[in-house]
>>> print(open('my_file.txt').read())   # compact mmCIF, C-alpha atoms
# COMPACT_ATOMS: atom_id res chain seq x y z
CA MET A 1 13.04 -208.57 -89.82
CA LYS A 2 12.64 -209.19 -86.10
CA ILE A 3 14.64 -206.05 -85.34
CA LYS A 4 12.31 -204.02 -87.58
CA GLN A 5 9.27 -205.47 -85.86
CA MET A 6 10.69 -204.57 -82.48
CA GLU A 7 11.31 -201.01 -83.69
CA VAL A 8 7.69 -200.74 -84.86
CA LEU A 9 6.39 -202.02 -81.51
CA LYS A 10 8.65 -199.61 -79.64
CA ARG A 11 7.38 -196.73 -81.77
CA LEU A 12 3.79 -197.73 -81.05
CA GLN A 13 4.58 -197.75 -77.33
CA ILE A 14 6.00 -194.24 -77.42
CA ASP A 15 3.52 -192.68 -79.87
CA THR A 16 0.06 -192.54 -78.22
CA ASN A 17 -1.68 -190.70 -81.06
CA PHE A 18 -3.38 -193.83 -82.37
CA THR A 19 -4.04 -195.70 -79.14
CA ASP A 20 -7.64 -196.85 -78.73
CA CYS A 21 -7.91 -197.92 -75.11
CA THR A 22 -6.57 -197.04 -71.67
CA ILE A 23 -5.65 -199.40 -68.84
CA VAL A 24 -5.49 -197.94 -65.32
CA VAL A 25 -3.29 -199.69 -62.74
CA ASN A 26 -3.01 -198.14 -59.28
CA CYS A 27 -4.20 -194.83 -60.72
CA VAL A 28 -1.48 -194.90 -63.44
CA GLU A 29 -2.79 -194.76 -67.01
CA PHE A 30 -1.30 -196.86 -69.82
CA LYS A 31 -2.34 -195.97 -73.37
CA CYS A 32 -2.66 -199.17 -75.38
CA HIS A 33 -3.63 -200.66 -78.75
CA LYS A 34 -6.46 -203.19 -78.69
CA ILE A 35 -5.02 -205.16 -81.59
CA ILE A 36 -1.71 -205.71 -79.78
CA LEU A 37 -3.37 -206.62 -76.47
CA SER A 38 -5.66 -209.06 -78.30
CA ALA A 39 -2.75 -210.67 -80.14
CA GLY A 40 -0.91 -211.33 -76.90
CA SER A 41 -3.79 -212.24 -74.58
CA GLU A 42 -6.87 -214.45 -74.96
CA TYR A 43 -8.49 -212.51 -72.11
CA PHE A 44 -8.30 -209.18 -73.98
CA GLN A 45 -9.33 -210.92 -77.20
CA ARG A 46 -12.57 -212.13 -75.58
CA LEU A 47 -13.11 -208.79 -73.81
CA PHE A 48 -12.82 -206.68 -76.97
CA LEU A 49 -14.78 -209.18 -79.09
CA ASP A 50 -17.70 -209.12 -76.64
CA GLU A 51 -17.55 -205.31 -76.61
CA TYR A 52 -17.57 -205.24 -80.44
CA LYS A 53 -20.57 -207.59 -80.66
CA LYS A 54 -22.46 -205.46 -78.16
CA CYS A 55 -21.72 -202.32 -80.17
CA LEU A 56 -23.00 -203.97 -83.36
CA GLU A 57 -26.25 -204.89 -81.64
CA LEU A 58 -26.70 -201.38 -80.29
CA GLU A 59 -25.87 -199.66 -83.56
CA SER A 60 -28.79 -201.44 -85.25
CA ASN A 61 -31.18 -199.20 -83.30
CA THR A 62 -31.17 -195.38 -83.58
CA GLU A 63 -32.21 -194.84 -79.95
CA ASP A 64 -29.57 -197.30 -78.78
CA GLN A 65 -26.96 -195.48 -80.87
CA GLU A 66 -27.69 -192.27 -78.97
CA GLU A 67 -27.40 -194.09 -75.66
CA LEU A 68 -24.17 -195.75 -76.78
CA GLN A 69 -22.76 -192.35 -77.66
CA GLN A 70 -23.67 -191.08 -74.19
CA VAL A 71 -21.91 -194.06 -72.59
CA ARG A 72 -18.83 -193.33 -74.70
CA GLU A 73 -18.95 -189.70 -73.62
CA LEU A 74 -19.07 -190.79 -69.97
CA CYS A 75 -16.08 -193.09 -70.55
CA VAL A 76 -14.07 -190.20 -71.99
CA TRP A 77 -15.06 -187.98 -69.07
CA LEU A 78 -14.15 -190.65 -66.52
CA ASN A 79 -10.77 -191.18 -68.18
CA GLU A 80 -10.19 -187.44 -67.90
CA ASN A 81 -11.18 -187.62 -64.22
CA PRO A 82 -9.47 -190.81 -63.01
CA LYS A 83 -9.91 -189.94 -59.32
CA ILE A 84 -13.62 -190.77 -59.60
CA ASN A 85 -12.49 -194.35 -60.32
CA ALA A 86 -15.90 -195.57 -61.46
CA CYS A 87 -16.74 -198.90 -63.06
CA GLN A 88 -16.83 -198.24 -66.80
CA THR A 89 -18.72 -201.26 -68.07
CA TYR A 90 -21.51 -200.47 -70.50
CA GLU A 91 -24.09 -202.00 -68.14
CA ASN A 92 -23.05 -199.84 -65.20
CA LEU A 93 -22.87 -196.53 -67.05
CA HIS A 94 -26.10 -197.21 -68.93
CA PHE A 95 -27.83 -197.93 -65.61
CA PHE A 96 -26.70 -194.57 -64.21
CA LEU A 97 -27.88 -192.85 -67.39
CA HIS A 98 -31.24 -194.63 -67.23
CA THR A 99 -31.88 -193.60 -63.63
CA CYS A 100 -30.84 -190.01 -64.46
CA LYS A 101 -33.28 -189.94 -67.43
CA PHE A 102 -30.35 -189.89 -69.88
CA ASP A 103 -29.29 -186.43 -68.73
CA ILE A 104 -25.51 -186.59 -69.19
CA GLU A 105 -24.62 -183.77 -66.73
CA ARG A 106 -26.93 -185.15 -64.07
CA THR A 107 -25.36 -188.59 -64.58
CA LYS A 108 -21.86 -187.18 -64.10
CA LYS A 109 -22.89 -185.61 -60.79
CA LYS A 110 -24.49 -188.86 -59.65
CA LEU A 111 -21.36 -190.87 -60.53
CA LYS A 112 -19.16 -188.45 -58.56
CA VAL A 113 -21.42 -188.54 -55.50
CA PHE A 114 -21.88 -192.31 -55.57
CA TYR A 115 -18.22 -193.29 -55.85
CA GLN A 116 -17.15 -190.62 -53.36
CA MET A 117 -19.68 -192.01 -50.89
CA ARG A 118 -18.23 -195.51 -51.37
CA ALA A 119 -14.75 -194.18 -50.66
CA GLU A 120 -15.76 -192.21 -47.57
CA ARG A 121 -17.86 -194.95 -45.96
CA THR A 122 -15.07 -197.51 -45.57
CA GLU A 123 -16.97 -199.18 -42.73
CA TRP A 124 -19.66 -200.20 -45.24
CA PHE A 125 -17.76 -200.72 -48.49
CA ASP A 126 -14.36 -202.16 -47.56
CA ASN A 127 -13.78 -205.92 -47.27
CA CYS A 128 -17.26 -206.85 -48.49
CA ASP A 129 -16.84 -210.59 -48.13
CA PRO A 130 -20.14 -212.47 -47.70
CA MET A 131 -18.25 -215.31 -46.01
CA LEU A 132 -17.18 -213.16 -43.04
CA PRO A 133 -18.75 -214.55 -39.82
CA GLU A 134 -20.36 -211.24 -38.87
CA ILE A 135 -21.92 -210.92 -42.35
CA GLN A 136 -23.06 -214.57 -42.33
CA GLU A 137 -24.95 -214.01 -39.07
CA LEU A 138 -26.81 -211.01 -40.43
CA LEU A 139 -27.59 -212.78 -43.71
CA LYS A 140 -29.14 -215.66 -41.76
CA LEU A 141 -31.26 -213.20 -39.79
CA GLY A 142 -32.50 -211.51 -42.97
CA VAL A 143 -31.84 -207.86 -42.17
CA PHE A 144 -32.45 -206.78 -45.80
CA LEU A 145 -34.81 -208.79 -48.00
CA PRO A 146 -35.63 -207.97 -51.63
CA VAL A 147 -39.14 -209.25 -52.37
CA ASP A 148 -39.73 -211.40 -55.45
CA GLY A 149 -41.37 -209.40 -58.23
CA VAL A 150 -42.44 -205.73 -58.14
CA ASP A 151 -45.28 -203.56 -56.82
CA GLU A 152 -48.28 -202.31 -58.81
CA ASN A 153 -46.12 -199.50 -60.26
CA GLN A 154 -43.41 -201.96 -61.38
CA ARG A 155 -40.99 -200.77 -58.67
CA LYS A 156 -38.70 -203.07 -56.73
CA VAL A 157 -39.79 -203.76 -53.15
CA VAL A 158 -37.31 -204.42 -50.35
CA ILE A 159 -38.01 -205.15 -46.68
CA ILE A 160 -35.57 -203.79 -44.10
CA ARG A 161 -35.98 -205.50 -40.75
CA THR A 162 -34.68 -202.82 -38.45
CA ALA A 163 -34.89 -204.81 -35.22
CA VAL A 164 -34.17 -208.43 -36.16
CA HIS A 165 -30.52 -208.16 -35.05
CA ASP A 166 -29.24 -208.13 -31.48
CA PRO A 167 -27.70 -204.70 -30.70
CA LYS A 168 -25.51 -206.35 -28.05
CA LYS A 169 -23.93 -208.66 -30.66
CA HIS A 170 -24.22 -206.85 -33.98
CA THR A 171 -22.97 -203.35 -34.79
CA GLN A 172 -25.22 -201.05 -36.76
CA ASN A 173 -22.40 -200.48 -39.25
CA ASN A 174 -22.28 -204.21 -40.01
CA VAL A 175 -26.06 -204.20 -40.45
CA PHE A 176 -25.73 -201.35 -42.96
CA LYS A 177 -22.80 -203.09 -44.65
CA THR A 178 -24.78 -206.29 -45.15
CA SER A 179 -27.73 -204.29 -46.50
CA LYS A 180 -25.53 -202.44 -49.01
CA MET A 181 -24.01 -205.71 -50.17
CA ILE A 182 -27.45 -207.14 -50.90
CA LEU A 183 -28.56 -203.90 -52.57
CA ASP A 184 -25.47 -203.87 -54.82
CA LEU A 185 -26.16 -207.41 -55.98
CA LEU A 186 -29.84 -206.61 -56.49
CA LEU A 187 -28.90 -203.76 -58.85
CA LYS A 188 -26.79 -206.19 -60.86
CA LEU A 189 -29.46 -208.90 -61.03
CA GLU A 190 -32.52 -206.69 -61.61
CA PRO A 191 -31.41 -203.39 -63.15
CA GLU A 192 -34.67 -202.73 -65.01
CA ASN A 193 -36.86 -203.18 -61.94
CA CYS A 194 -34.52 -201.11 -59.74
CA ALA A 195 -34.26 -198.34 -62.34
CA ARG A 196 -37.99 -197.68 -61.89
CA GLY A 197 -37.34 -196.98 -58.21
CA ILE A 198 -37.16 -198.72 -54.86
CA VAL A 199 -40.00 -199.11 -52.36
CA ALA A 200 -38.50 -199.77 -48.92
CA ILE A 201 -40.64 -201.23 -46.13
CA MET A 202 -39.02 -200.77 -42.71
CA ASP A 203 -40.43 -203.49 -40.47
CA MET A 204 -39.80 -202.31 -36.91
CA GLN A 205 -41.33 -205.35 -35.22
CA GLY A 206 -39.51 -206.02 -31.94
CA VAL A 207 -37.63 -202.72 -31.81
CA GLN A 208 -36.11 -202.03 -28.40
CA LEU A 209 -34.17 -199.25 -26.70
CA GLY A 210 -30.87 -200.90 -27.70
CA HIS A 211 -31.76 -200.59 -31.40
CA ALA A 212 -32.68 -196.93 -30.97
CA LEU A 213 -29.42 -196.16 -29.14
CA GLN A 214 -27.40 -197.61 -32.05
CA LEU A 215 -28.92 -195.09 -34.43
CA ASN A 216 -27.36 -191.81 -33.38
CA PRO A 217 -28.17 -188.70 -35.50
CA LYS A 218 -24.81 -188.85 -37.32
CA LEU A 219 -25.38 -192.46 -38.39
CA ILE A 220 -28.95 -191.76 -39.49
CA LYS A 221 -27.74 -188.81 -41.57
CA ARG A 222 -25.08 -190.96 -43.25
CA SER A 223 -27.63 -193.68 -43.96
CA VAL A 224 -30.03 -191.25 -45.63
CA GLU A 225 -27.19 -189.68 -47.64
CA SER A 226 -26.12 -193.12 -48.85
CA TRP A 227 -29.66 -193.87 -50.04
CA THR A 228 -29.80 -190.65 -52.04
CA ALA A 229 -26.30 -191.28 -53.47
CA TYR A 230 -27.40 -194.54 -55.09
CA PRO A 231 -28.55 -194.31 -58.71
CA CYS A 232 -31.93 -195.90 -57.89
CA GLN A 233 -33.94 -193.57 -55.72
CA PRO A 234 -36.30 -194.65 -52.91
CA LYS A 235 -39.78 -193.73 -54.11
CA LEU A 236 -41.43 -194.68 -50.82
CA LEU A 237 -40.21 -195.39 -47.28
CA GLU A 238 -42.88 -197.15 -45.28
CA PHE A 239 -42.31 -197.71 -41.55
CA THR A 240 -44.56 -200.46 -40.22
CA ASN A 241 -45.01 -201.92 -36.74
CA ALA A 242 -43.68 -198.55 -35.69
CA PRO A 243 -43.60 -197.39 -32.04
CA ARG A 244 -44.96 -193.96 -31.21
CA HIS A 245 -41.51 -192.39 -30.76
CA VAL A 246 -40.50 -193.18 -34.36
CA ASN A 247 -41.19 -189.56 -35.40
CA ILE A 248 -38.12 -188.50 -33.40
CA LEU A 249 -36.02 -190.61 -35.79
CA LEU A 250 -37.84 -189.42 -38.92
CA LYS A 251 -36.99 -185.75 -38.40
CA HIS A 252 -33.51 -186.59 -39.75
CA PHE A 253 -34.91 -187.79 -43.10
CA SER A 254 -34.42 -185.28 -45.91
CA ILE A 255 -36.95 -187.23 -48.03
CA ARG A 256 -39.72 -186.88 -45.40
CA SER A 257 -42.38 -186.34 -48.09
CA ARG A 258 -41.92 -189.97 -49.22
CA VAL A 259 -42.25 -191.41 -45.71
CA ILE A 260 -45.34 -193.22 -44.39
CA VAL A 261 -45.72 -194.54 -40.82
CA ARG A 262 -48.08 -197.38 -39.94
CA ARG A 263 -48.79 -199.26 -36.72
CA GLY A 264 -48.99 -202.56 -38.63
CA GLY A 265 -49.40 -204.18 -42.05
CA SER A 266 -48.43 -202.49 -45.31
CA MET A 267 -50.12 -200.28 -47.87
CA VAL A 268 -47.73 -201.46 -50.60
CA THR A 269 -49.58 -203.42 -53.30
CA CYS A 270 -47.42 -206.41 -54.16
CA LYS A 271 -48.65 -210.01 -54.35
CA GLN A 272 -45.24 -211.36 -53.37
CA LEU A 273 -45.13 -209.73 -49.92
CA PRO A 274 -44.37 -212.30 -47.20
CA ARG A 275 -47.21 -213.32 -44.89
CA ASP A 276 -44.92 -212.31 -42.02
CA LEU A 277 -45.69 -208.74 -43.11
CA SER A 278 -49.10 -208.87 -44.80
CA LYS A 279 -51.97 -211.30 -44.19
CA ASP A 280 -52.71 -211.13 -47.95
CA GLY A 281 -49.12 -211.82 -48.93
CA GLN A 282 -48.45 -214.76 -51.23
CA GLY A 283 -44.68 -214.60 -51.38
CA PRO A 284 -41.90 -216.53 -49.63
CA SER A 285 -41.55 -216.07 -45.88
CA TYR A 286 -38.88 -213.91 -44.25
CA ASN A 287 -36.86 -217.05 -43.52
CA GLU A 288 -37.12 -218.33 -47.11
CA LEU A 289 -36.04 -214.96 -48.51
CA ALA A 290 -33.11 -214.85 -46.08
CA ILE A 291 -31.94 -218.30 -47.23
CA LYS A 292 -32.29 -217.27 -50.88
CA TRP A 293 -30.27 -214.07 -50.58
CA LYS A 294 -27.61 -215.62 -48.37
CA SER A 295 -27.06 -218.24 -51.08
CA LEU A 296 -26.97 -215.58 -53.84
CA LEU A 297 -24.30 -213.56 -52.04
CA GLU A 298 -22.20 -216.66 -51.43
CA GLN A 299 -22.39 -217.47 -55.16
CA ASN A 300 -21.18 -213.97 -56.07
CA VAL A 301 -18.00 -213.59 -54.03
CA ASP A 302 -16.09 -212.53 -57.17
CA PHE A 303 -18.62 -209.77 -57.79
CA TYR A 304 -17.75 -208.17 -54.44
CA VAL A 305 -14.01 -208.44 -55.12
CA GLU A 306 -14.57 -206.60 -58.40
CA GLN A 307 -16.91 -204.02 -56.84
CA GLY A 308 -14.30 -203.23 -54.20
CA LYS A 309 -11.99 -201.80 -56.86
CA TYR A 310 -14.33 -198.94 -57.68
CA LYS A 311 -14.41 -196.01 -55.28
CA SER A 312 -13.09 -192.47 -55.56
CA ILE A 313 -9.46 -191.70 -54.79
CA LEU A 314 -9.72 -189.15 -51.99
CA LYS A 315 -6.04 -188.19 -51.60
>>> encode(input="my_file.txt", output="structure tokens")
Amino acid sequence: MKIKQMEVLKRLQIDTNFTDCTIVVNCVEFKCHKIILSAGSEYFQRLFLDEYKKCLELESNTEDQEELQQVRELCVWLNENPKINACQTYENLHFFLHTCKFDIERTKKKLKVFYQMRAERTEWFDNCDPMLPEIQELLKLGVFLPVDGVDENQRKVVIIRTAVHDPKKHTQNNVFKTSKMILDLLLKLEPENCARGIVAIMDMQGVQLGHALQLNPKLIKRSVESWTAYPCQPKLLEFTNAPRHVNILLKHFSIRSRVIVRRGGSMVTCKQLPRDLSKDGQGPSYNELAIKWKSLLEQNVDFYVEQGKYKSILK
């Protein structure tokens, strides 16, 4: 009997016609059977059971069924294009679909661009450990601060403090890296708010020549390209406390039509803006937001380990 069972299992291993899932390890695909993986592993049992429950919930709604079918189509496409190496969770693919207005071809292009960008910009997306000393320093300073709540158009507001770091101590690449880490976690924690768009307020208070010299044209171009590669698009870029020469920097922005420059304050309508930025603000201070987001990143170390697995294979 045991011999017969072994023969059946061996046949299942060889014959991939009825496999129902694929595991990718170091870019090598293994066609598998969910029932066998579940029988031999509690981890896969929980994974597939959660997936099944989610499918049942979605299938109770006609609109959700259509979206589920689109997610499945993306999964098939990604399996056929393993070099994209994208995260294939339902939440991730649905978020990309949502921000691309459920246009499947547009979503495919966005996935390719996004994961290629993550592979090419190793200085920003490799070794994203919030406990690294250089990241800890920038988190304490609060270089990138998502504001509690949303603006009057239900869009997520973030404050980018372009001059809070010391250009003699902190590299601009590490500043960008820290900002991307916070943005990635923000997308996970508030997908609905982010899907409606991002309003970025660039507070240039205290900007000096050293900050300007860090931002060479090549780095500015890469920064703008990374913004447009993300699934959530910046709907507004407001530069406040801006020096007169800021227009020299802005000529490199391809999304110039969404840029506003102010000498002080903010035109963004959001009750939760910090008083550091707006005299009418009722939200936590810059320092309080920095403490909050530093703590959140430290609590999500595993998230960054998992995120680091997903970037295009360039070779």
>>> atom_distance(input="my_file.txt", atom1="atom CA of Val143 of chain A", atom2="atom CA of Ile291 of chain A")
11.6 Å
>>> atom_distance(input="my_file.txt", atom1="atom CA of Cys75 of chain A", atom2="atom CA of Thr89 of chain A")
8.9 Å
>>> residues_around(input="my_file.txt", residues="Ala163 of chain A", least_positions_apart="6", cutoff="10 Å", atoms="only C-alpha atoms", output="number ranges by chain")
A: 143, 202-208, 210-212
>>> residues_around(input="my_file.txt", residues="segment 116-119 of chain A", least_positions_apart="2", cutoff="7 Å", atoms="only C-alpha atoms", output="mmCIF file with C-alpha atoms, in the frame of the given file")
data_model
loop_
_atom_site.group_PDB
_atom_site.id
_atom_site.type_symbol
_atom_site.label_atom_id
_atom_site.label_comp_id
_atom_site.auth_asym_id
_atom_site.auth_seq_id
_atom_site.Cartn_x
_atom_site.Cartn_y
_atom_site.Cartn_z
ATOM 1 C CA LYS A 112 -19.160 -188.450 -58.560
ATOM 2 C CA VAL A 113 -21.420 -188.540 -55.500
ATOM 3 C CA PHE A 114 -21.880 -192.310 -55.570
ATOM 4 C CA ARG A 121 -17.860 -194.950 -45.960
ATOM 5 C CA THR A 122 -15.070 -197.510 -45.570
ATOM 6 C CA PHE A 125 -17.760 -200.720 -48.490
ATOM 7 C CA SER A 226 -26.120 -193.120 -48.850
ATOM 8 C CA LYS A 311 -14.410 -196.010 -55.280
ATOM 9 C CA SER A 312 -13.090 -192.470 -55.560
#
>>> residues_around(input="my_file.txt", residues="segment 196-201 of chain A", least_positions_apart="3", cutoff="7 Å", atoms="only C-alpha atoms", output="PDB file with C-alpha atoms, in the frame of the given file")
ATOM      1  CA  GLN A 154     -43.410-201.960 -61.380  1.00  0.00           C
ATOM      2  CA  ARG A 155     -40.990-200.770 -58.670  1.00  0.00           C
ATOM      3  CA  LYS A 156     -38.700-203.070 -56.730  1.00  0.00           C
ATOM      4  CA  VAL A 157     -39.790-203.760 -53.150  1.00  0.00           C
ATOM      5  CA  VAL A 158     -37.310-204.420 -50.350  1.00  0.00           C
ATOM      6  CA  ILE A 159     -38.010-205.150 -46.680  1.00  0.00           C
ATOM      7  CA  ILE A 160     -35.570-203.790 -44.100  1.00  0.00           C
ATOM      8  CA  GLU A 192     -34.670-202.730 -65.010  1.00  0.00           C
ATOM      9  CA  ASN A 193     -36.860-203.180 -61.940  1.00  0.00           C
ATOM     10  CA  CYS A 232     -31.930-195.900 -57.890  1.00  0.00           C
ATOM     11  CA  GLN A 233     -33.940-193.570 -55.720  1.00  0.00           C
ATOM     12  CA  PRO A 234     -36.300-194.650 -52.910  1.00  0.00           C
ATOM     13  CA  LYS A 235     -39.780-193.730 -54.110  1.00  0.00           C
ATOM     14  CA  LEU A 236     -41.430-194.680 -50.820  1.00  0.00           C
ATOM     15  CA  LEU A 237     -40.210-195.390 -47.280  1.00  0.00           C
ATOM     16  CA  GLU A 238     -42.880-197.150 -45.280  1.00  0.00           C
ATOM     17  CA  PHE A 239     -42.310-197.710 -41.550  1.00  0.00           C
TER      18      PHE A 239
END
>>> axis_aligned_box(input="my_file.txt", around="segment 204-212 of chain A", padding_each_side="5 Å", output="lines of an AutoDock Vina configuration file")
center_x = -36.1
center_y = -201.5
center_z = -31.8
size_x = 20.5
size_y = 19.1
size_z = 20.2
>>> residues_near_point(input="my_file.txt", point="(-9.2, -188.3, -64.0)", cutoff="12 Å", atoms="all atoms listed in the file", output="list in words")
Thr22, Val24, Cys27, Val28, Glu29, Leu74, Cys75, Val76, Trp77, Leu78, Asn79, Glu80, Asn81, Pro82, Lys83, Ile84, Asn85, Ala86, Lys112, Ser312 and Ile313 of chain A
>>> atom_distance(input="my_file.txt", atom1="atom CA of Leu93 of chain A", atom2="atom CA of Thr178 of chain A")
24.1 Å
>>> residues_around(input="my_file.txt", residues="Pro133 of chain A", least_positions_apart="4", cutoff="12 Å", atoms="all atoms listed in the file", output="number ranges by chain")
A: 128-129, 137-140, 170, 174, 178
>>> write_last_selection(input="my_file.txt", atoms="C-alpha atoms", output="compact mmCIF listing (two decimals), keeping the file's coordinate frame")
# COMPACT_ATOMS: atom_id res chain seq x y z
CA CYS A 128 -17.26 -206.85 -48.49
CA ASP A 129 -16.84 -210.59 -48.13
CA GLU A 137 -24.95 -214.01 -39.07
CA LEU A 138 -26.81 -211.01 -40.43
CA LEU A 139 -27.59 -212.78 -43.71
CA LYS A 140 -29.14 -215.66 -41.76
CA HIS A 170 -24.22 -206.85 -33.98
CA ASN A 174 -22.28 -204.21 -40.01
CA THR A 178 -24.78 -206.29 -45.15
>>> residues_near_point(input="my_file.txt", point="(-21.8, -186.4, -40.6)", cutoff="12 Å", atoms="only C-alpha atoms", output="list in words")
Met117, Glu120, Arg121, Asn216, Pro217, Lys218, Leu219, Ile220, Lys221, Arg222, Ser223, Val224, Glu225, Ser226 and His252 of chain A
>>> closest_atom_pairs(input="my_file.txt", of="segment 136-159 of chain A", to="segment 268-274 of chain A", cutoff="8 Å", atoms="all atoms listed in the file", output="JSON lines")
{"residue": "A:Val147", "atom": "CA", "partner": "A:Leu273", "partner_atom": "CA", "distance": 6.5}
{"residue": "A:Asp148", "atom": "CA", "partner": "A:Gln272", "partner_atom": "CA", "distance": 5.9}
{"residue": "A:Gly149", "atom": "CA", "partner": "A:Gln272", "partner_atom": "CA", "distance": 6.5}
{"residue": "A:Val150", "atom": "CA", "partner": "A:Cys270", "partner_atom": "CA", "distance": 6.4}
{"residue": "A:Asp151", "atom": "CA", "partner": "A:Cys270", "partner_atom": "CA", "distance": 4.4}
{"residue": "A:Glu152", "atom": "CA", "partner": "A:Thr269", "partner_atom": "CA", "distance": 5.8}
>>> closest_residue(input="my_file.txt", among="A:Gly308, A:Trp293, A:Tyr230, A:Leu314", to="Lys109 of chain A", atoms="all atoms listed in the file")
A:Tyr230
>>> closest_residue(input="my_file.txt", among="A:Val261, A:Ala39, A:Leu189, A:Glu67", to="Tyr90 of chain A", atoms="all atoms listed in the file")
A:Glu67
